[in-house]
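To be precise, the following lines are structure27.txt, and they hold compact mmCIF, C-alpha atoms.
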# COMPACT_ATOMS: atom_id res chain seq x y z
CA MET W 74 -60.64 39.63 140.23
CA SER W 75 -60.42 40.94 136.68
CA SER W 76 -63.44 40.75 134.42
CA PRO W 77 -63.34 38.35 131.43
CA ASP W 78 -62.03 39.53 128.10
CA PRO W 79 -64.89 41.19 126.08
CA GLN W 80 -64.53 38.64 123.26
CA VAL W 81 -64.74 35.75 125.75
CA ARG W 82 -67.80 37.35 127.39
CA ALA W 83 -69.46 37.79 123.98
CA ALA W 84 -68.77 34.17 123.07
CA ARG W 85 -70.30 33.00 126.37
CA ASN W 86 -73.38 35.13 125.82
CA LYS W 87 -73.75 33.78 122.29
CA SER W 88 -73.43 30.17 123.44
CA THR W 89 -76.08 30.64 126.13
CA SER W 90 -78.51 32.77 124.10
CA PRO W 91 -81.66 30.96 122.94
CA PRO W 92 -81.97 30.11 119.24
CA PRO W 93 -84.30 32.20 117.08
CA ARG W 94 -87.95 31.38 117.68
CA GLY W 95 -89.17 32.13 114.19
CA PRO W 96 -90.31 29.64 111.57
CA VAL W 97 -88.27 27.07 109.68
CA VAL W 98 -88.66 28.13 106.04
CA ALA W 99 -88.04 26.00 102.96
CA VAL W 100 -87.39 27.76 99.64
CA THR W 101 -87.56 25.93 96.32
CA GLY W 102 -85.60 27.29 93.37
CA ALA W 103 -83.16 28.61 95.96
CA ALA W 104 -79.97 28.56 93.89
CA SER W 105 -80.70 31.41 91.49
CA GLY W 106 -82.86 34.44 90.75
CA VAL W 107 -85.48 35.50 93.25
CA GLY W 108 -85.03 32.23 95.13
CA ALA W 109 -81.36 32.95 95.83
CA LEU W 110 -82.10 36.52 96.95
CA LEU W 111 -84.91 35.39 99.26
CA THR W 112 -82.82 32.54 100.72
CA ALA W 113 -80.03 34.96 101.63
CA ARG W 114 -82.51 37.47 103.05
CA LEU W 115 -84.27 34.90 105.25
CA ALA W 116 -80.98 33.35 106.39
CA ALA W 117 -79.90 36.77 107.67
CA SER W 118 -83.23 37.47 109.39
CA GLN W 119 -83.46 37.34 113.19
CA GLU W 120 -87.12 36.36 112.77
CA VAL W 121 -86.36 33.11 110.94
CA LYS W 122 -85.08 30.07 112.79
CA GLN W 123 -83.67 28.14 109.83
CA VAL W 124 -83.73 28.13 106.02
CA VAL W 125 -83.97 24.90 104.04
CA ALA W 126 -82.90 25.43 100.42
CA VAL W 127 -84.13 23.10 97.66
CA ASP W 128 -82.84 23.16 94.10
CA GLU W 129 -81.25 20.97 91.44
CA ARG W 130 -77.86 22.49 92.29
CA ARG W 131 -76.30 24.02 95.36
CA GLY W 132 -76.45 27.79 95.68
CA GLU W 133 -74.13 30.23 97.40
CA CYS W 134 -75.93 30.73 100.74
CA ALA W 135 -73.77 28.79 103.20
CA GLU W 136 -76.14 29.47 106.12
CA ALA W 137 -78.96 27.44 104.51
CA GLU W 138 -79.41 23.68 104.73
CA TRP W 139 -79.25 22.47 101.12
CA HIS W 140 -81.14 19.60 99.50
CA ILE W 141 -80.39 18.84 95.86
CA LEU W 142 -83.37 17.44 93.94
CA ASP W 143 -86.02 18.19 91.33
CA VAL W 144 -89.17 19.67 92.87
CA ARG W 145 -91.23 17.13 90.91
CA ASP W 146 -89.63 14.29 92.90
CA PRO W 147 -92.09 13.02 95.56
CA ALA W 148 -89.05 12.55 97.83
CA ILE W 149 -89.25 16.28 98.45
CA ALA W 150 -91.80 15.51 101.20
CA ASP W 151 -89.00 14.11 103.37
CA ARG W 152 -86.90 17.25 102.80
CA LEU W 153 -89.78 19.49 103.86
CA ARG W 154 -90.47 17.66 107.10
CA GLY W 155 -89.95 20.04 110.01
CA ALA W 156 -90.55 23.15 107.92
CA ASP W 157 -93.28 25.57 108.97
CA VAL W 158 -93.47 27.48 105.69
CA VAL W 159 -92.56 26.63 102.08
CA VAL W 160 -91.94 29.33 99.48
CA HIS W 161 -92.20 27.74 96.04
CA LEU W 162 -90.10 29.67 93.52
CA ALA W 163 -88.93 26.82 91.27
CA LEU W 164 -90.64 28.03 88.09
CA ASP W 165 -89.40 28.08 84.51
CA LEU W 166 -90.62 31.15 82.61
CA ASP W 167 -87.73 31.24 80.14
CA LEU W 168 -88.82 32.55 76.74
CA GLU W 169 -86.63 29.99 74.98
CA THR W 170 -87.95 26.91 76.80
CA ASP W 171 -90.25 24.58 74.88
CA ALA W 172 -93.79 25.53 75.94
CA ALA W 173 -94.93 21.96 76.66
CA ALA W 174 -91.82 21.20 78.72
CA ARG W 175 -92.21 24.47 80.61
CA THR W 176 -95.82 23.71 81.50
CA ALA W 177 -94.99 20.16 82.55
CA TYR W 178 -92.31 21.47 84.91
CA ASN W 179 -94.27 24.39 86.36
CA VAL W 180 -97.60 22.66 86.93
CA ARG W 181 -96.27 19.27 88.03
CA GLY W 182 -93.72 20.95 90.28
CA THR W 183 -96.39 23.05 92.02
CA GLN W 184 -98.69 20.04 92.42
CA THR W 185 -95.87 18.01 93.98
CA VAL W 186 -94.79 20.77 96.35
CA LEU W 187 -98.34 21.38 97.61
CA THR W 188 -98.96 17.65 98.17
CA ALA W 189 -95.56 17.14 99.76
CA ALA W 190 -95.98 20.16 102.04
CA ALA W 191 -99.31 18.84 103.31
CA ALA W 192 -97.83 15.36 103.86
CA ALA W 193 -94.86 16.86 105.75
CA GLY W 194 -97.07 18.84 108.11
CA VAL W 195 -96.20 22.27 106.68
CA HIS W 196 -98.90 24.76 107.60
CA ARG W 197 -98.26 27.47 104.97
CA VAL W 198 -97.17 27.49 101.33
CA VAL W 199 -96.35 30.74 99.53
CA LEU W 200 -96.65 30.67 95.74
CA CYS W 201 -95.50 33.36 93.31
CA THR W 202 -97.31 34.10 90.03
CA SER W 203 -97.76 37.54 88.43
CA THR W 204 -100.25 40.37 88.10
CA MET W 205 -100.44 39.21 84.47
CA VAL W 206 -103.11 36.74 85.65
CA TYR W 207 -105.59 39.63 85.87
CA GLY W 208 -105.29 40.07 82.12
CA ALA W 209 -104.53 43.20 80.09
CA LEU W 210 -107.89 44.46 78.85
CA PRO W 211 -109.18 47.80 77.56
CA ASP W 212 -111.93 47.97 80.21
CA ASN W 213 -109.67 47.29 83.21
CA GLU W 214 -110.01 49.77 86.05
CA LEU W 215 -106.97 51.79 87.08
CA PRO W 216 -105.94 50.37 89.45
CA LEU W 217 -107.53 46.94 89.73
CA SER W 218 -108.56 45.58 93.12
CA GLU W 219 -106.66 42.50 94.27
CA ASP W 220 -110.05 40.76 94.38
CA ALA W 221 -110.67 41.51 90.70
CA GLU W 222 -111.54 38.56 88.49
CA LEU W 223 -108.61 36.81 86.83
CA ARG W 224 -109.46 37.44 83.17
CA ALA W 225 -106.17 36.54 81.52
CA THR W 226 -106.04 33.87 78.84
CA ALA W 227 -103.28 31.39 78.09
CA GLU W 228 -102.18 33.33 74.98
CA ALA W 229 -99.16 35.08 76.55
CA THR W 230 -95.86 33.46 77.50
CA GLY W 231 -96.24 31.38 80.66
CA VAL W 232 -99.57 32.90 81.66
CA GLY W 233 -101.41 29.61 81.14
CA ASP W 234 -99.03 28.01 83.66
CA LEU W 235 -99.59 30.83 86.13
CA LEU W 236 -103.37 30.52 85.84
CA GLU W 237 -103.11 26.79 86.52
CA ILE W 238 -100.92 27.51 89.57
CA GLU W 239 -103.59 29.94 90.78
CA ARG W 240 -106.21 27.19 90.36
CA LEU W 241 -104.06 24.75 92.34
CA ALA W 242 -103.67 27.39 95.07
CA ARG W 243 -107.44 27.75 95.42
CA ARG W 244 -108.00 24.00 95.52
CA ALA W 245 -105.18 23.12 97.93
CA PRO W 246 -106.84 24.15 101.23
CA ARG W 247 -109.88 22.04 100.33
CA ALA W 248 -107.78 19.06 99.28
CA HIS W 249 -105.44 19.44 102.28
CA PRO W 250 -107.33 20.82 105.31
CA GLY W 251 -105.03 22.84 107.55
CA LEU W 252 -102.78 23.96 104.70
CA ASN W 253 -102.79 27.73 104.19
CA VAL W 254 -101.80 28.99 100.72
CA THR W 255 -100.70 32.56 100.05
CA VAL W 256 -100.24 33.79 96.47
CA VAL W 257 -97.94 36.73 95.72
CA ARG W 258 -98.40 38.44 92.35
CA PRO W 259 -95.60 40.82 91.29
CA ALA W 260 -95.99 43.43 88.55
CA VAL W 261 -93.39 43.61 85.73
CA LEU W 262 -90.40 42.17 87.57
CA VAL W 263 -87.05 43.93 87.18
CA GLY W 264 -83.65 42.99 88.56
CA GLY W 265 -81.75 40.33 86.64
CA THR W 266 -84.89 39.15 84.84
CA ASP W 267 -85.50 38.38 81.16
CA THR W 268 -89.12 38.41 80.02
CA ALA W 269 -91.11 39.48 76.99
CA LEU W 270 -91.92 42.68 78.89
CA THR W 271 -88.33 43.54 79.81
CA ARG W 272 -87.29 42.80 76.21
CA TYR W 273 -89.81 45.42 75.07
CA PHE W 274 -87.26 48.01 76.26
CA GLU W 275 -84.41 46.44 74.26
CA SER W 276 -85.91 47.51 70.93
CA PRO W 277 -84.69 50.56 69.00
CA ARG W 278 -88.30 51.81 68.93
CA LEU W 279 -91.14 51.19 71.34
CA LEU W 280 -93.97 49.52 69.47
CA VAL W 281 -97.26 51.25 70.27
CA VAL W 282 -100.52 49.87 68.94
CA ALA W 283 -102.86 52.57 67.69
CA GLY W 284 -105.81 53.22 69.98
CA SER W 285 -104.26 51.42 72.97
CA ARG W 286 -103.70 52.92 76.43
CA PRO W 287 -100.80 51.13 78.10
CA ALA W 288 -99.99 51.72 81.77
CA TRP W 289 -96.72 50.45 83.23
CA GLN W 290 -96.30 49.21 86.79
CA PHE W 291 -92.99 47.67 87.82
CA CYS W 292 -91.74 45.59 90.74
CA HIS W 293 -88.12 45.49 91.86
CA VAL W 294 -86.90 42.02 92.89
CA GLU W 295 -85.87 43.36 96.30
CA ASP W 296 -89.42 44.59 96.90
CA LEU W 297 -90.74 41.18 95.86
CA CYS W 298 -88.41 39.50 98.36
CA SER W 299 -89.53 41.81 101.17
CA ALA W 300 -93.18 41.08 100.31
CA LEU W 301 -92.47 37.34 100.31
CA GLU W 302 -90.85 37.75 103.74
CA TYR W 303 -94.04 39.42 104.99
CA ALA W 304 -95.98 36.38 103.81
CA VAL W 305 -93.48 33.98 105.39
CA LEU W 306 -93.76 35.72 108.76
CA GLU W 307 -97.57 35.68 108.50
CA LYS W 308 -97.84 39.45 108.60
CA VAL W 309 -100.24 39.15 105.65
CA ASP W 310 -101.97 36.36 103.76
CA GLY W 311 -104.39 35.67 100.95
CA GLU W 312 -103.82 36.88 97.39
CA LEU W 313 -101.33 39.74 97.30
CA ALA W 314 -100.27 42.08 94.51
CA VAL W 315 -96.83 43.63 94.88
CA GLY W 316 -95.28 46.45 92.92
CA CYS W 317 -94.41 50.12 92.90
CA ASP W 318 -97.09 52.58 93.89
CA GLY W 319 -99.06 53.95 90.94
CA TRP W 320 -98.09 53.59 87.29
CA LEU W 321 -96.48 55.29 84.31
CA GLU W 322 -98.33 56.30 81.16
CA GLN W 323 -96.71 55.41 77.81
CA GLU W 324 -95.74 59.05 77.23
CA GLU W 325 -93.91 59.11 80.57
CA VAL W 326 -92.09 55.89 79.68
CA GLU W 327 -90.97 57.34 76.38
CA GLU W 328 -89.80 60.57 78.01
CA LEU W 329 -87.85 58.75 80.73
CA SER W 330 -86.32 56.19 78.38
CA GLY W 331 -85.58 58.52 75.49
CA ILE W 332 -86.79 55.78 73.12
CA ARG W 333 -89.17 56.96 70.44
CA ARG W 334 -92.32 55.13 69.49
CA MET W 335 -93.49 53.54 66.27
CA GLU W 336 -97.24 53.22 66.01
CA LEU W 337 -99.08 50.47 64.13
CA PRO W 338 -102.72 49.56 63.61
CA SER W 339 -103.84 46.77 65.92
CA ALA W 340 -104.68 44.29 63.16
CA VAL W 341 -101.27 44.73 61.54
CA ALA W 342 -99.27 44.40 64.78
CA LEU W 343 -101.19 41.42 66.16
CA GLY W 344 -101.38 39.63 62.82
CA ALA W 345 -97.67 40.00 62.10
CA ALA W 346 -96.70 38.96 65.64
CA ALA W 347 -98.87 35.84 65.41
CA ARG W 348 -97.38 34.82 62.06
CA LEU W 349 -93.80 35.36 63.17
CA HIS W 350 -94.31 33.29 66.29
CA ARG W 351 -96.09 30.53 64.41
CA ILE W 352 -93.16 30.01 62.04
CA GLY W 353 -90.66 30.19 64.91
CA LEU W 354 -89.00 33.53 64.15
CA THR W 355 -89.89 35.06 67.53
CA PRO W 356 -90.21 33.51 71.02
CA SER W 357 -93.15 35.70 72.06
CA PRO W 358 -96.70 34.85 71.00
CA ALA W 359 -99.07 37.60 69.91
CA GLY W 360 -100.75 37.44 73.33
CA ASP W 361 -97.72 39.15 74.88
CA LEU W 362 -98.56 42.31 72.94
CA ALA W 363 -101.76 42.83 74.93
CA TYR W 364 -99.65 43.60 78.03
CA THR W 365 -98.07 46.52 76.15
CA MET W 366 -101.46 47.74 74.91
CA TYR W 367 -103.87 47.79 77.86
CA PRO W 368 -103.62 48.44 81.62
CA TRP W 369 -103.14 45.73 84.24
CA VAL W 370 -102.11 47.86 87.22
CA VAL W 371 -103.09 46.54 90.68
CA SER W 372 -103.47 48.48 93.94
CA GLY W 373 -101.52 46.24 96.35
CA SER W 374 -103.76 47.33 99.23
CA ARG W 375 -103.38 44.18 101.35
CA LEU W 376 -99.62 44.58 101.74
CA HIS W 377 -100.05 48.31 102.37
CA ASP W 378 -102.65 47.62 105.08
CA ALA W 379 -100.14 45.28 106.73
CA GLY W 380 -97.52 48.05 106.86
CA TRP W 381 -95.43 47.05 103.83
CA ARG W 382 -94.16 49.73 101.47
CA PRO W 383 -92.10 49.43 98.26
CA SER W 384 -88.55 50.72 98.42
CA TYR W 385 -88.55 51.71 94.75
CA THR W 386 -90.68 53.93 92.52
CA ASN W 387 -91.73 53.05 88.98
CA GLU W 388 -89.35 55.72 87.68
CA GLU W 389 -86.39 54.25 89.60
CA VAL W 390 -87.12 50.71 88.46
CA LEU W 391 -87.47 51.77 84.82
CA VAL W 392 -84.09 53.51 85.01
CA GLN W 393 -82.52 50.32 86.39
CA LEU W 394 -84.18 48.24 83.69
CA LEU W 395 -82.81 50.52 80.98
CA GLU W 396 -79.32 50.17 82.49
CA GLU W 397 -79.64 46.38 82.55
CA VAL W 398 -80.72 46.07 78.92
CA SER W 399 -78.24 48.61 77.60
CA GLY W 400 -76.27 47.04 74.75
CA ARG W 401 -78.86 44.34 74.10
CA HIS W 402 -80.73 44.37 70.81
CA THR W 403 -84.16 42.84 70.39
CA VAL W 404 -86.42 42.93 67.36
CA ALA W 405 -89.98 41.58 67.73
CA GLY W 406 -88.94 39.82 70.94
CA ARG W 407 -85.95 38.06 69.33
CA ARG W 408 -82.43 38.80 70.56
CA LEU W 409 -79.98 39.91 67.90
CA GLY W 410 -76.23 40.23 67.84
CA ARG W 411 -74.78 43.71 67.38
CA LYS W 412 -74.16 43.12 63.66
CA ASP W 413 -77.75 41.98 63.09
CA ALA W 414 -79.11 44.88 65.10
CA THR W 415 -77.14 47.37 63.03
CA ALA W 416 -78.48 45.75 59.87
CA ALA W 417 -82.01 46.18 61.20
CA GLY W 418 -81.40 49.92 60.98
CA ALA W 419 -83.22 52.85 62.48
CA ALA W 420 -86.64 51.45 61.65
CA GLY W 421 -86.21 49.08 64.56
CA ALA W 422 -88.67 46.52 65.78
CA THR W 423 -91.64 47.69 63.77
CA VAL W 424 -90.03 47.60 60.35
CA ALA W 425 -88.45 44.24 61.13
CA LEU W 426 -91.83 42.96 62.25
CA LEU W 427 -93.54 44.15 59.08
CA GLY W 428 -90.66 43.07 56.86
CA ALA W 429 -90.69 39.55 58.23
CA ALA W 430 -94.47 39.42 57.91
CA ALA W 431 -94.15 40.47 54.26
CA VAL W 432 -91.65 37.66 53.67
CA VAL W 433 -94.14 35.21 55.14
CA ARG W 434 -96.91 36.52 52.88
CA ARG W 435 -94.71 36.30 49.76
CA ALA W 436 -93.69 32.76 50.62
CA ARG W 437 -97.32 31.73 51.02
CA LYS W 438 -98.30 33.30 47.68
CA ALA W 439 -95.40 31.53 46.00
CA ARG W 440 -96.53 28.19 47.43
CA ARG W 441 -100.05 28.76 46.14
CA ARG W 442 -98.76 29.38 42.62
CA ILE W 443 -96.87 26.06 42.58
Render the structure in this file as structure tokens.
Amino acid sequence: MSSPDPQVRAARNKSTSPPPRGPVVAVTGAASGVGALLTARLAASQEVKQVVAVDERRGECAEAEWHILDVRDPAIADRLRGADVVVHLALDLDLETDAAARTAYNVRGTQTVLTAAAAAGVHRVVLCTSTMVYGALPDNELPLSEDAELRATAEATGVGDLLEIERLARRAPRAHPGLNVTVVRPAVLVGGTDTALTRYFESPRLLVVAGSRPAWQFCHVEDLCSALEYAVLEKVDGELAVGCDGWLEQEEVEELSGIRRMELPSAVALGAAARLHRIGLTPSPAGDLAYTMYPWVVSGSRLHDAGWRPSYTNEEVLVQLLEEVSGRHTVAGRRLGRKDATAAGAAGATVALLGAAAVVRRARKARRRI
């Protein structure tokens, strides 16, 4: 008797093999950005039983079970029923979004997801904030411990929202006994991202504040996804920093990028940035400048102790960032068209910053004379 065809035998083995025994994982914000990358990664994992994708539109991962709704909708509790883990990535950190609307979405969305997860019997929620919550301060250690105090203020773009999410994370296990909350904090995120910190590298000159000592630590989105997967599979928990090992000094950044610096006194840079933001000329508040002035590098020891390692170095991620922003033109955090950028001239971001500030001062003096 002849043996069955190999394809038939493989099909029989597949039909009789047990389903994966891993967790059912729900991902919010699954249609784009980090959420889309993580959804695809988990759907392909042999350690994950099923992926439930939640977003306001359907994404491209056909292997996931899709639910289309706003994460602020209490009906999300029904969609999360049966999930073991929820990874909440539905955050709006767009520089152009109205600040009040952004906060309403981010904070209310996180509150709803945590409450809904507890009601649905989910035992673990993974939240994603940023190492920005530690604050960029001149007396920060290099590197900071993950247990270091969160000393950031709400003066930088989106950081107030992230601090509130951190507060909700700490409260959730007390409000919902049995619910475990893990917080993942990436360094400067690179890979299809647009933030005040990635725009820093779109300027013709790198603004350096006199007397500051910046230190740059990056995180590739693929490394963030692998760290999130570690949290999903309960290989690590608690509050986790994720990023490349070590950091780059400003001089190293300038050498690698080939972009020259322009140095300004602190009072001039911060004052001009605050005025430009206040009158709506730039999307970034003055608080964003602190993250280009002082160190906020974190060790990432918990992930390392669990066996995780980054796949990218700071140098490699910076090179990729420079490739991504090539051809973009930003002055004082504001995107310009090619014609406008050419008009800005070789003086770059600094001269534009000071020039705009001078216009503001002249306008104020003129108003006083009227």
Exercise for review: Tell me which protein, DNA and RNA residues are within 8 Å of Glu239 of chain W, counting only C-alpha atoms, leaving out same-chain ones fewer than 3 positions away, and put them as a PyMOL selection string.
Suggested key: chain W and resi 202+235-236+242-243+256
Point to revise | Non-local contacts of segment 126-130 of chain W (7 Å; only C-alpha atoms; under 4 positions in same chain excluded) as a ChimeraX atom specification | key: /W:99-104,137-143
Check your understanding: In terms of the shortest atom-to-atom distance over all atoms listed in the file, which of W:Pro96, W:Gly194, W:Gly316, W:Pro338 is closest to Val263 of chain W?
Key -> W:Gly316
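In this comparison, which uses all atoms listed in the file, the residue of W:Gly182, W:Pro368, W:Gly155, W:Gly95 approaching Ser285 of chain W most closely is W:Pro368.
Here atom CA of Glu322 of chain W and atom CA of Ala346 of chain W stand 23.3 Å from one another.
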Review point. Do you know which residues are at most 8 Å from segment 387-398 of chain W counting all atoms listed in the file, after dropping those on the same chain fewer than 2 positions away, and could you put them as number ranges by chain?
Key: W: 263-265, 271-272, 274-275, 290-293, 317-321, 329-330, 385, 400-401
Practice item. Give me the residues within 8 Å of Ala347 of chain W as an MDAnalysis selection string, counting only C-alpha atoms and dropping any in the same chain fewer than 3 places off. Key: chainID W and resid 343:344 350:351 358:359
Exercise for review: For atom CA of Thr185 of chain W and atom CA of Arg247 of chain W, determine how far apart the two atoms are, in Å to one decimal place.
Suggested key: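 Straight-line distance from atom CA of Thr185 of chain W to atom CA of Arg247 of chain W works out to 15.9 Å.
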Point to revise | Best match for closeness to Trp289 of chain W among W:Glu120, W:Glu307, W:Asp267, W:Glu325, counting all atoms listed in the file | key: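 Among W:Glu120, W:Glu307, W:Asp267, W:Glu325, it is W:Glu325 that comes nearest to Trp289 of chain W.
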Review point. Could you pull the residues within 12 Å of Thr176 of chain W, counting only C-alpha atoms, minus those fewer than 2 positions along the same chain, as an NGL selection string?
Key: :W and (164-167 or 170-174 or 178-184 or 227 or 230-238)
Study note, to complete from the structure: One decimal place gives the atom CA of Thr188 of chain W-atom CA of Ile149 of chain W separation as 9.8 Å
Check your understanding: Taking into account all atoms listed in the file, which residue in the set W:His161, W:Val305, W:Leu110, W:Leu313 is nearest to Ala189 of chain W?
Key ->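 The closest residue to Ala189 of chain W is W:His161.
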Review point. Which of these residues is nearest to Val121 of chain W, using only C-alpha atoms: W:Ala148, W:Asn213, W:Glu302, W:Cys134?
Key: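 The closest residue to Val121 of chain W is W:Glu302.
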Exercise for review: Go through W:Val107, W:Lys308, W:Ile332, W:Asp157 one by one, measure the shortest atom-to-atom distance of each to Arg278 of chain W using all atoms listed in the file, and give the residue with the smallest value.
Suggested key: W:Ile332
